[in-house]
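my_file.cif follows (mmCIF, C-alpha atoms and all ligand atoms):
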data_run
loop_
_atom_site.label_atom_id
_atom_site.label_comp_id
_atom_site.auth_asym_id
_atom_site.auth_seq_id
_atom_site.Cartn_x
_atom_site.Cartn_y
_atom_site.Cartn_z
CA MET A 74 -9.49 -27.06 -19.55
CA ASP A 75 -6.96 -26.74 -16.76
CA LYS A 76 -5.01 -29.96 -16.79
CA HIS A 77 -4.06 -29.80 -13.15
CA TYR A 78 -7.66 -29.40 -12.18
CA LEU A 79 -8.70 -32.21 -14.47
CA ASN A 80 -6.10 -34.43 -12.83
CA SER A 81 -7.36 -33.64 -9.39
CA LEU A 82 -10.87 -34.25 -10.62
CA ILE A 83 -9.94 -37.66 -11.97
CA LEU A 84 -8.20 -38.39 -8.71
CA SER A 85 -11.35 -37.37 -6.92
CA ALA A 86 -13.47 -39.62 -9.08
CA VAL A 87 -11.13 -42.55 -8.51
CA THR A 88 -11.13 -41.84 -4.81
CA ALA A 89 -14.89 -41.64 -4.90
CA THR A 90 -15.01 -45.08 -6.45
CA VAL A 91 -12.81 -46.54 -3.74
CA VAL A 92 -14.92 -45.08 -0.99
CA SER A 93 -18.32 -45.27 -2.63
CA SER A 94 -20.11 -46.78 0.31
CA LEU A 95 -18.19 -44.51 2.63
CA VAL A 96 -19.27 -41.44 0.71
CA PHE A 97 -22.86 -42.53 1.05
CA PHE A 98 -22.46 -43.05 4.78
CA LEU A 99 -20.63 -39.80 5.26
CA GLY A 100 -23.26 -37.87 3.40
CA ALA A 101 -25.87 -39.13 5.78
CA ARG A 102 -23.68 -38.81 8.78
CA PHE A 103 -22.01 -35.46 8.31
CA GLY A 104 -24.37 -33.68 5.98
CA GLY A 105 -21.60 -32.62 3.65
CA PHE A 106 -19.33 -30.95 6.12
CA THR A 107 -16.70 -33.53 6.37
CA SER A 108 -13.30 -34.47 5.19
CA PHE A 109 -10.26 -36.52 5.97
CA PRO A 110 -6.63 -36.76 5.01
CA PRO A 111 -6.84 -38.22 1.50
CA ASN A 112 -3.84 -40.49 2.00
CA ASN A 113 -5.94 -42.63 4.23
CA VAL A 114 -9.03 -42.58 2.07
CA GLY A 115 -8.95 -46.12 0.77
CA ALA A 116 -8.61 -47.69 4.15
CA ILE A 117 -11.16 -46.10 6.43
CA ASN A 118 -14.73 -46.93 7.28
CA GLU A 119 -17.36 -44.82 8.93
CA ARG A 120 -16.28 -45.60 12.46
CA GLU A 121 -12.67 -44.77 11.67
CA MET A 122 -13.83 -41.59 9.99
CA THR A 123 -15.65 -40.50 13.14
CA LYS A 124 -12.58 -41.38 15.15
CA MET A 125 -10.38 -39.31 12.84
CA MET A 126 -12.75 -36.33 13.00
CA THR A 127 -12.65 -36.57 16.77
CA GLU A 128 -8.87 -36.88 16.86
CA MET A 129 -8.17 -34.02 14.45
CA MET A 130 -11.08 -31.67 15.03
CA GLY A 131 -12.18 -32.58 18.55
CA VAL A 132 -15.78 -33.23 17.48
CA SER A 133 -17.51 -36.16 15.81
CA SER A 134 -19.19 -33.99 13.19
CA ALA A 135 -18.07 -30.84 11.44
CA GLU A 136 -21.35 -29.02 12.09
CA ARG A 137 -20.34 -28.82 15.71
CA LEU A 138 -17.45 -26.56 14.81
CA PRO A 139 -17.96 -22.81 14.75
CA LEU A 140 -18.29 -21.41 11.22
CA LYS A 141 -15.96 -18.44 10.81
CA THR A 142 -16.48 -15.98 8.00
CA ALA A 143 -14.02 -13.44 6.71
CA SER A 144 -16.07 -10.54 8.04
CA GLU A 145 -15.50 -11.78 11.59
CA ARG A 146 -11.76 -11.85 11.09
CA LYS A 147 -9.77 -9.40 13.19
CA GLU A 148 -6.81 -8.03 11.30
CA ARG A 149 -4.67 -7.19 14.31
CA LEU A 150 -4.35 -8.69 17.78
CA GLU A 151 -5.06 -6.33 20.65
CA PHE A 152 -2.77 -6.19 23.64
CA SER A 153 -2.64 -4.83 27.13
CA VAL A 154 0.46 -3.43 28.81
CA LYS A 155 1.48 -5.01 32.11
CA ASP A 156 4.66 -3.93 33.90
CA GLY A 157 6.01 -2.50 30.67
CA VAL A 158 5.34 -5.70 28.71
CA LYS A 159 2.93 -5.88 25.75
CA GLU A 160 0.75 -8.84 26.57
CA PHE A 161 -1.11 -10.73 23.84
CA ARG A 162 -3.50 -13.64 24.12
CA LEU A 163 -3.48 -16.31 21.45
CA SER A 164 -5.25 -19.63 21.19
CA ALA A 165 -5.49 -22.34 18.57
CA GLU A 166 -8.70 -24.18 17.77
CA PRO A 167 -10.44 -26.28 15.14
CA ILE A 168 -12.82 -24.27 12.96
CA ARG A 169 -14.77 -24.28 9.74
CA PHE A 170 -13.92 -21.19 7.78
CA GLU A 171 -15.27 -19.65 4.65
CA TYR A 172 -12.54 -19.08 2.03
CA ALA A 173 -15.06 -17.95 -0.60
CA GLU A 174 -18.80 -17.37 -0.45
CA GLY A 175 -20.51 -20.59 0.58
CA LYS A 176 -17.24 -22.55 0.45
CA THR A 177 -15.73 -23.78 3.65
CA LEU A 178 -12.69 -25.61 4.89
CA LEU A 179 -12.04 -27.52 8.07
CA ALA A 180 -8.89 -26.08 9.60
CA TRP A 181 -7.01 -25.10 12.72
CA GLY A 182 -6.87 -21.37 13.31
CA TYR A 183 -5.18 -19.03 15.74
CA ASN A 184 -7.91 -17.18 17.61
CA GLY A 185 -10.40 -18.99 15.39
CA GLN A 186 -9.27 -17.41 12.16
CA ILE A 187 -7.23 -18.00 9.01
CA PRO A 188 -4.64 -16.59 8.96
CA GLY A 189 -4.12 -15.80 12.64
CA PRO A 190 -4.36 -12.13 13.64
CA GLU A 191 -1.35 -9.92 12.98
CA ILE A 192 0.80 -9.19 16.02
CA ARG A 193 2.32 -5.72 15.63
CA VAL A 194 4.90 -4.17 17.93
CA ASN A 195 7.90 -1.83 17.88
CA GLU A 196 11.47 -2.98 17.80
CA GLY A 197 12.75 -3.49 21.33
CA ASP A 198 9.28 -3.98 22.85
CA LYS A 199 9.01 -6.58 25.56
CA VAL A 200 6.38 -9.01 24.36
CA ARG A 201 4.46 -11.69 26.24
CA ILE A 202 2.18 -14.11 24.41
CA ILE A 203 -0.10 -16.19 26.58
CA PHE A 204 -1.12 -19.13 24.45
CA THR A 205 -3.97 -21.58 25.10
CA ASN A 206 -4.06 -24.83 23.20
CA ASN A 207 -7.69 -25.63 22.34
CA LEU A 208 -6.63 -28.17 19.71
CA PRO A 209 -7.13 -31.88 20.20
CA LYS A 210 -3.37 -32.34 19.73
CA ALA A 211 -0.21 -30.99 21.33
CA THR A 212 1.41 -28.00 19.64
CA THR A 213 3.96 -25.18 20.04
CA ILE A 214 4.50 -21.75 18.45
CA TYR A 215 7.64 -20.75 16.59
CA TRP A 216 8.55 -17.05 16.03
CA HIS A 217 9.80 -17.10 12.46
CA GLY A 218 12.58 -14.58 11.80
CA ILE A 219 12.60 -13.15 15.33
CA ASP A 220 15.81 -13.57 17.35
CA VAL A 221 14.51 -14.97 20.63
CA PRO A 222 16.29 -16.72 23.54
CA PHE A 223 16.36 -20.43 22.81
CA GLU A 224 13.83 -21.31 25.53
CA GLN A 225 11.28 -19.23 23.61
CA ASP A 226 11.97 -20.84 20.23
CA GLY A 227 8.97 -23.17 20.35
CA VAL A 228 10.47 -26.44 19.19
CA PRO A 229 8.84 -29.39 20.96
CA GLY A 230 11.25 -31.78 22.59
CA VAL A 231 14.19 -29.44 21.92
CA THR A 232 13.50 -26.07 23.55
CA GLN A 233 10.29 -26.81 25.43
CA LYS A 234 7.80 -29.53 26.23
CA ALA A 235 4.88 -29.60 23.80
CA ILE A 236 1.75 -27.79 24.94
CA ASN A 237 -0.93 -30.43 25.41
CA PRO A 238 -4.63 -29.91 24.69
CA GLY A 239 -6.12 -27.65 27.34
CA GLU A 240 -2.73 -26.32 28.51
CA ILE A 241 -1.52 -22.73 28.62
CA TYR A 242 2.04 -21.69 27.78
CA THR A 243 3.60 -18.24 28.00
CA TYR A 244 6.25 -17.01 25.59
CA GLU A 245 8.24 -13.91 26.41
CA PHE A 246 10.95 -12.13 24.43
CA ILE A 247 12.14 -8.79 23.13
CA ALA A 248 10.88 -8.02 19.64
CA SER A 249 13.91 -7.84 17.36
CA PRO A 250 15.01 -7.35 14.65
CA ALA A 251 12.50 -5.07 12.94
CA GLY A 252 10.71 -6.29 9.84
CA THR A 253 8.08 -8.62 8.40
CA ARG A 254 8.17 -11.75 10.55
CA PHE A 255 5.57 -14.37 11.28
CA TYR A 256 4.49 -16.96 13.80
CA HIS A 257 3.47 -20.53 13.13
CA THR A 258 3.20 -23.93 14.70
CA HIS A 259 6.35 -25.99 15.07
CA GLY A 260 4.28 -29.11 15.60
CA GLY A 261 3.61 -30.95 18.82
CA VAL A 262 6.02 -33.84 18.69
CA ALA A 263 9.79 -33.75 18.53
CA MET A 264 9.80 -34.84 14.91
CA GLY A 265 7.24 -35.34 12.26
CA ASP A 266 4.06 -33.25 12.44
CA GLU A 267 5.11 -29.64 11.81
CA ALA A 268 4.13 -29.74 8.14
CA GLU A 269 0.81 -31.38 8.95
CA GLN A 270 0.00 -28.76 11.58
CA LEU A 271 1.07 -25.87 9.36
CA ASP A 272 -1.05 -27.29 6.55
CA MET A 273 -4.00 -27.08 8.90
CA GLY A 274 -3.64 -23.29 8.85
CA LEU A 275 -1.64 -22.33 11.94
CA SER A 276 0.19 -19.14 10.94
CA GLY A 277 -0.09 -15.38 11.30
CA ALA A 278 1.96 -12.22 10.62
CA PHE A 279 4.28 -10.73 13.26
CA ILE A 280 5.35 -7.26 12.20
CA ILE A 281 8.06 -5.42 14.11
CA ASP A 282 8.29 -1.74 13.25
CA SER A 283 11.72 -0.16 13.33
CA LEU A 284 12.09 2.91 15.53
CA ASP A 285 12.33 5.16 12.48
CA TYR A 286 9.45 3.46 10.67
CA ALA A 287 7.19 6.49 11.02
CA ARG A 288 9.62 8.46 8.82
CA SER A 289 9.74 5.91 5.99
CA LYS A 290 6.13 4.79 6.30
CA PRO A 291 4.42 4.23 2.94
CA ASP A 292 0.97 5.68 2.18
CA LYS A 293 -0.64 2.25 2.10
CA GLU A 294 0.50 -1.01 3.54
CA TYR A 295 -0.88 -4.52 3.17
CA THR A 296 0.29 -7.85 4.55
CA LEU A 297 -0.47 -10.81 2.29
CA ILE A 298 -0.10 -14.34 3.62
CA LEU A 299 0.11 -16.97 0.89
CA ASP A 300 -1.13 -20.44 1.72
CA GLU A 301 -2.00 -23.75 0.10
CA TRP A 302 -4.70 -26.31 0.80
CA GLN A 303 -5.77 -29.72 -0.28
CA THR A 304 -9.50 -30.15 -0.64
CA MET A 305 -11.51 -33.31 -1.13
CA PRO A 306 -14.97 -33.42 -2.61
CA ILE A 307 -17.39 -35.31 -0.41
CA ALA A 308 -21.09 -35.86 -0.97
CA ALA A 309 -22.92 -32.73 0.09
CA GLU A 310 -26.00 -34.62 1.14
CA SER A 311 -26.89 -38.21 1.41
CA ARG A 312 -26.64 -39.12 -2.23
CA PRO A 313 -25.39 -42.14 -4.07
CA LEU A 314 -22.02 -42.30 -5.75
CA SER A 315 -23.49 -42.29 -9.24
CA ASN A 316 -24.70 -38.71 -8.75
CA LEU A 317 -21.31 -37.65 -7.52
CA LEU A 318 -19.59 -39.09 -10.56
CA LYS A 319 -22.20 -37.54 -12.82
CA GLU A 320 -21.36 -34.15 -11.37
CA ALA A 321 -17.69 -34.86 -11.87
CA SER A 322 -18.17 -35.62 -15.55
CA ALA A 323 -20.46 -32.63 -16.01
CA HIS A 324 -17.62 -30.57 -14.67
CA THR A 325 -15.16 -32.10 -17.14
CA GLU A 326 -17.38 -31.20 -20.06
CA ASP A 327 -18.36 -27.65 -19.34
CA GLY A 328 -15.63 -26.51 -17.00
CA GLU A 329 -18.18 -25.58 -14.35
CA HIS A 330 -16.41 -25.50 -11.02
CA GLU A 331 -19.25 -24.94 -8.66
CA SER A 332 -20.97 -28.25 -8.18
CA MET A 333 -17.85 -30.05 -7.07
CA MET A 334 -16.18 -27.20 -5.26
CA ASN A 335 -19.24 -26.42 -3.19
CA MET A 336 -18.90 -29.82 -1.67
CA SER A 337 -15.21 -29.52 -1.10
CA MET A 338 -13.95 -29.68 2.39
CA THR A 339 -10.51 -30.25 3.67
CA MET A 340 -9.05 -31.24 6.90
CA GLY A 341 -5.86 -29.50 5.93
CA GLY A 342 -3.00 -31.86 6.40
CA GLY A 343 -3.12 -34.96 4.37
CA HIS A 344 0.51 -34.24 3.85
CA ALA A 345 0.30 -35.46 0.27
CA MET A 346 1.37 -32.10 -1.17
CA ASP A 347 -1.28 -32.32 -3.86
CA TYR A 348 -2.59 -28.84 -3.22
CA ASN A 349 -5.59 -27.67 -5.20
CA LEU A 350 -6.65 -24.49 -3.42
CA PHE A 351 -4.50 -21.40 -2.92
CA THR A 352 -5.40 -18.49 -0.69
CA ILE A 353 -4.17 -14.99 0.09
CA ASN A 354 -5.11 -14.02 3.65
CA GLY A 355 -7.38 -17.04 3.77
CA LYS A 356 -9.40 -16.06 0.71
CA SER A 357 -9.54 -17.46 -2.77
CA PHE A 358 -10.07 -15.12 -5.75
CA PRO A 359 -12.48 -13.54 -6.54
CA ALA A 360 -13.32 -13.56 -2.84
CA SER A 361 -9.85 -12.25 -1.90
CA ASP A 362 -9.81 -8.74 -0.42
CA PRO A 363 -8.78 -6.11 -3.00
CA ILE A 364 -5.80 -3.85 -2.39
CA GLU A 365 -7.23 -0.35 -2.47
CA VAL A 366 -4.98 2.48 -3.59
CA LYS A 367 -5.24 5.98 -4.95
CA LYS A 368 -3.08 7.62 -7.58
CA GLY A 369 0.26 8.73 -6.17
CA ASP A 370 0.27 6.34 -3.20
CA ARG A 371 3.47 4.59 -2.30
CA VAL A 372 2.22 1.08 -1.52
CA ARG A 373 4.06 -1.55 0.47
CA LEU A 374 3.08 -5.21 0.24
CA ARG A 375 4.49 -7.48 2.92
CA LEU A 376 4.47 -10.96 1.40
CA ILE A 377 4.72 -14.08 3.54
CA ASN A 378 4.76 -17.61 2.14
CA ALA A 379 3.26 -19.58 5.03
CA GLY A 380 2.82 -22.77 3.01
CA THR A 381 4.87 -25.87 3.66
CA SER A 382 5.97 -26.86 0.18
CA THR A 383 5.01 -24.59 -2.69
CA ILE A 384 6.90 -21.84 -4.51
CA HIS A 385 4.95 -18.78 -5.64
CA PRO A 386 6.26 -16.40 -8.33
CA MET A 387 4.05 -13.41 -7.56
CA HIS A 388 3.55 -11.10 -10.50
CA LEU A 389 2.26 -7.53 -10.56
CA HIS A 390 0.48 -6.19 -13.64
CA SER A 391 1.64 -2.95 -15.26
CA HIS A 392 3.65 -1.63 -12.34
CA GLN A 393 7.30 -2.14 -11.40
CA PHE A 394 8.13 -2.63 -7.75
CA LYS A 395 11.23 -2.35 -5.58
CA ILE A 396 12.25 -5.16 -3.26
CA VAL A 397 12.70 -3.21 -0.03
CA ALA A 398 13.14 -6.08 2.45
CA VAL A 399 14.16 -9.74 2.23
CA ASP A 400 13.12 -12.05 5.06
CA GLY A 401 12.14 -8.88 6.90
CA ASN A 402 15.58 -7.30 6.68
CA PRO A 403 15.82 -4.00 4.82
CA VAL A 404 17.61 -3.79 1.48
CA PRO A 405 19.97 -0.78 1.58
CA SER A 406 18.51 2.23 -0.17
CA GLY A 407 19.68 2.56 -3.75
CA THR A 408 20.47 -1.14 -4.14
CA GLU A 409 16.92 -2.45 -4.36
CA LEU A 410 16.13 -4.60 -7.40
CA ILE A 411 13.28 -3.37 -9.53
CA ARG A 412 11.05 -6.19 -10.72
CA ASN A 413 7.50 -7.14 -11.55
CA THR A 414 7.71 -10.76 -10.35
CA ILE A 415 9.06 -12.02 -7.04
CA THR A 416 9.36 -15.68 -6.12
CA LEU A 417 8.70 -16.77 -2.56
CA HIS A 418 9.85 -20.14 -1.33
CA PRO A 419 8.14 -21.62 1.72
CA GLY A 420 9.07 -19.66 4.83
CA GLU A 421 10.34 -16.61 2.93
CA THR A 422 9.04 -13.08 3.28
CA TYR A 423 9.58 -10.13 0.95
CA ASP A 424 8.47 -6.53 1.29
CA ILE A 425 7.89 -4.84 -2.04
CA GLU A 426 6.91 -1.25 -2.81
CA PHE A 427 5.40 0.33 -5.88
CA VAL A 428 4.07 3.77 -6.69
CA ALA A 429 0.46 3.75 -7.80
CA GLU A 430 0.83 5.73 -10.99
CA ASN A 431 -1.29 3.75 -13.45
CA PRO A 432 -4.95 4.15 -12.46
CA GLY A 433 -7.25 1.21 -13.11
CA ILE A 434 -7.86 -2.30 -11.87
CA TRP A 435 -4.90 -4.67 -11.83
CA LEU A 436 -4.02 -8.13 -10.69
CA PHE A 437 -1.28 -9.29 -8.38
CA HIS A 438 -1.15 -13.05 -8.72
CA CYS A 439 0.93 -16.20 -8.60
CA HIS A 440 2.47 -16.90 -11.99
CA GLU A 441 2.46 -20.62 -11.38
CA LEU A 442 -0.82 -20.27 -13.17
CA HIS A 443 -2.44 -23.37 -11.71
CA HIS A 444 -2.15 -21.62 -8.38
CA ALA A 445 -3.74 -18.49 -9.84
CA ASP A 446 -6.54 -20.55 -11.39
CA ASP A 447 -7.08 -22.14 -7.98
CA GLY A 448 -7.38 -18.82 -6.18
CA MET A 449 -4.00 -17.13 -5.63
CA ILE A 450 -4.92 -13.70 -6.97
CA VAL A 451 -5.74 -10.31 -5.46
CA SER A 452 -6.92 -7.29 -7.36
CA ILE A 453 -5.43 -3.82 -6.98
CA VAL A 454 -8.20 -1.31 -7.34
CA TYR A 455 -7.57 2.43 -7.70
CA GLU A 456 -9.97 4.89 -6.14
CA GLY A 457 -12.75 5.66 -8.61
CA PHE A 458 -12.54 2.31 -10.40
CA SER A 459 -14.74 -0.75 -10.11
CA LEU A 460 -15.61 -3.68 -12.32
CA SER A 461 -18.49 -1.65 -13.76
CA THR A 462 -15.91 0.63 -15.44
CA ILE A 463 -14.37 -2.10 -17.60
CA THR A 464 -14.65 -2.09 -21.38
CA GLU A 465 -16.86 -4.61 -23.12
CA PRO A 466 -15.78 -6.21 -26.39
CA GLU A 467 -17.73 -5.13 -29.46
CA ASN A 468 -19.87 -7.56 -31.35
CA LYS A 469 -18.28 -8.12 -34.77
CA GLU A 470 -21.72 -7.71 -36.36
CA SER A 471 -21.63 -4.07 -35.27
CA LEU A 472 -18.64 -3.36 -37.55
CA PRO A 473 -19.31 -1.62 -40.87
CA GLU A 474 -20.02 -4.17 -43.63
CA SER A 475 -16.69 -3.57 -45.44
CA GLU A 476 -14.52 -4.14 -42.35
CA HIS A 477 -16.48 -7.17 -41.44
CA ARG A 478 -15.85 -8.64 -44.90
CA MET A 479 -12.13 -7.89 -44.62
CA MET A 480 -11.98 -9.81 -41.38
CA MET A 481 -13.77 -12.75 -42.94
CA ASP A 482 -11.40 -12.75 -45.93
CA GLN A 483 -8.29 -13.06 -43.80
CU CU B 501 1.85 -20.13 -6.56
#

Translate the structure described by the file into structure tokens.
Amino acid sequence: MDKHYLNSLILSAVTATVVSSLVFFLGARFGGFTSFPPNNVGAINEREMTKMMTEMMGVSSAERLPLKTASERKERLEFSVKDGVKEFRLSAEPIRFEYAEGKTLLAWGYNGQIPGPEIRVNEGDKVRIIFTNNLPKATTIYWHGIDVPFEQDGVPGVTQKAINPGEIYTYEFIASPAGTRFYHTHGGVAMGDEAEQLDMGLSGAFIIDSLDYARSKPDKEYTLILDEWQTMPIAAESRPLSNLLKEASAHTEDGEHESMMNMSMTMGGGHAMDYNLFTINGKSFPASDPIEVKKGDRVRLRLINAGTSTIHPMHLHSHQFKIVAVDGNPVPSGTELIRNTITLHPGETYDIEFVAENPGIWLFHCHELHHADDGMIVSIVYEGFSLSTITEPENKESLPESEHRMMMDQ
């Protein structure tokens, strides 16, 4: 039994005890799609809960939020060119999104998705981003790793006034330097809510291609955004606390995740840093999108740790990779380290490349294994392979009698 999970389960059960009547109310009120920052759990009643939903999500009940599934997610943001400037439109809004089949989170997403769509331009491009704040709180956008004029740096109270709900703000800069960059909220007040806003999901990749990128382009390229979440189990329907606790103990005994996790919702934030769900591009394994390769491909993975607090040692099975860029900046050819694990601190990006020369199905996962157990895994699937091709263990009864006896004697 995963100790970390058990701990969070016990925490959940204790929390459930504290808010027993609340859970009952919430079940009736929100029909299971509800959540709140756990720090405040002990202190709130139904009216405060509704107030908090309204403050954080802009609606009194989660069902009023659009449900966004992964299939609706657009990988890249389209642009139009006006007077030689690449013009993008971004917005931020509260959503429910599906991180695994039938499992949803309450979050804030850029253009209604987690992570936000990738912005992709060439080095030296003039870029304009017209941003609309559809959140119930003020916010700004920061261009992480891009060297912009200070007025475009997106720090509320320092380089600009925060963008209030309903307001539009235009950022404009020249895309430089080339590399794997990203964009994320810098909060909406001068100090104090950047982590909370980032925990709600406000980040996306910003890739700047160098002018000679076409020459060095790998055969396959994937951007993987690592993120962390805190989920809270809440009654799925109007049901008394005793049932909830019964499900919790059933979980403890047989290790069955589903009953509790199906009810889990988060309102991001919480800011307690007790993360219990880890996603890659907004998905939790086995729902995460596989990396598809074919033998001989040179594959680049652009890794971005968009979380606020957690370190991820990402490990690749049965392949060695080169670290070709650090924080987006290229590592000079011939000096790249060759590794099979790379650790990303919050805010770091690494580009790694491997040659697909070992056909099969492999994992690329966080080696803080609680994070892997809680979703931070993607599979790497070679052309011609699928889960139906894997080998099944033999039943020991099928061994010849003599070998079977030898095994028993040992
Ligand atoms: Cu991790």

Could you tell me, counting all atoms listed in the file, which protein and nucleic acid residues lie no more than 7 Å from ligand CU 501 (chain B), written as a VMD selection string? chain A and resid 383 to 386 439 to 441 444 to 445 449

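The gap separating CA of Ile236 (chain A) from CA of Lys210 (chain A) is 8.6 Å, in Å to one decimal.
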
Kindly extract all protein, DNA and RNA residues lying within 12 Å of the coordinates (1.7, -28.5, 21.0) given in the file, considering all atoms listed in the file, and supply them as a ChimeraX atom specification. /A:164-166,204-215,227-230,233-242,257-264,266-267,270-271,275

12 Å contact set for Ser153 (chain A), only C-alpha atoms, chain neighbours under 3 positions out, as an MDAnalysis selection string: chainID A and resid 150 156:162 194 199:203

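Residue nearest Leu350 (chain A), chosen from A:Leu299, A:Met130, A:Ile187, A:Val399 and counting only C-alpha atoms: A:Leu299.
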
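Minimum atom-to-atom distances from A:Val221, A:Ile377, A:Val231, A:Leu284 to Thr296 (chain A) were compared using all atoms listed in the file, and the lowest value belongs to A:Ile377.
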
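Neighbouring residues of Gly189 (chain A) at 6 Å or closer, counting all atoms listed in the file and skipping chain neighbours under 6 positions away, are Tyr183, Ser276 and Gly277 of chain A.
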
Tell me, in Å to one decimal, how far CA of Tyr172 (chain A) is from CA of Ser361 (chain A). 8.3 Å

Contacts of Thr462 (chain A) within 10 Å, only C-alpha atoms, excl. fewer than 5 positions in-chain, as a PyMOL selection string: chain A and resi 433-434+457

Selected residues written out with C-alpha atoms, as a PDB file, in the coordinates of the input:
ATOM      1  CA  GLY A 433      -7.250   1.210 -13.110  1.00  0.00           C
ATOM      2  CA  ILE A 434      -7.860  -2.300 -11.870  1.00  0.00           C
ATOM      3  CA  GLY A 457     -12.750   5.660  -8.610  1.00  0.00           C
TER       4      GLY A 457
END

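Between CA of Glu421 (chain A) and CA of Leu376 (chain A) the separation is 8.3 Å.
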
Counting only C-alpha atoms, which of A:Ala251, A:Val428, A:Leu163, A:Ile353 gets nearest to Glu294 (chain A)? A:Val428

Go through A:Asp226, A:Glu245, A:Glu136, A:Asp292 one by one, measure the shortest atom-to-atom distance of each to Thr177 (chain A) using all atoms listed in the file, and give the residue with the smallest value. A:Glu136

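The protein and nucleic acid residues lying at most 8 Å from Asp447 (chain A) are Asn349, Leu350, Phe351, Ser357, Phe358, His443 and His444 of chain A, with all atoms listed in the file considered and sequence neighbours fewer than 3 positions away removed.
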
Residues near Glu409 (chain A), cut-off 8 Å, only C-alpha atoms, skip fewer than 2 positions along chain, as a list in words: Lys395, Ile396, Val397, Val404, Pro405, Ser406, Gly407 and Ile411 of chain A
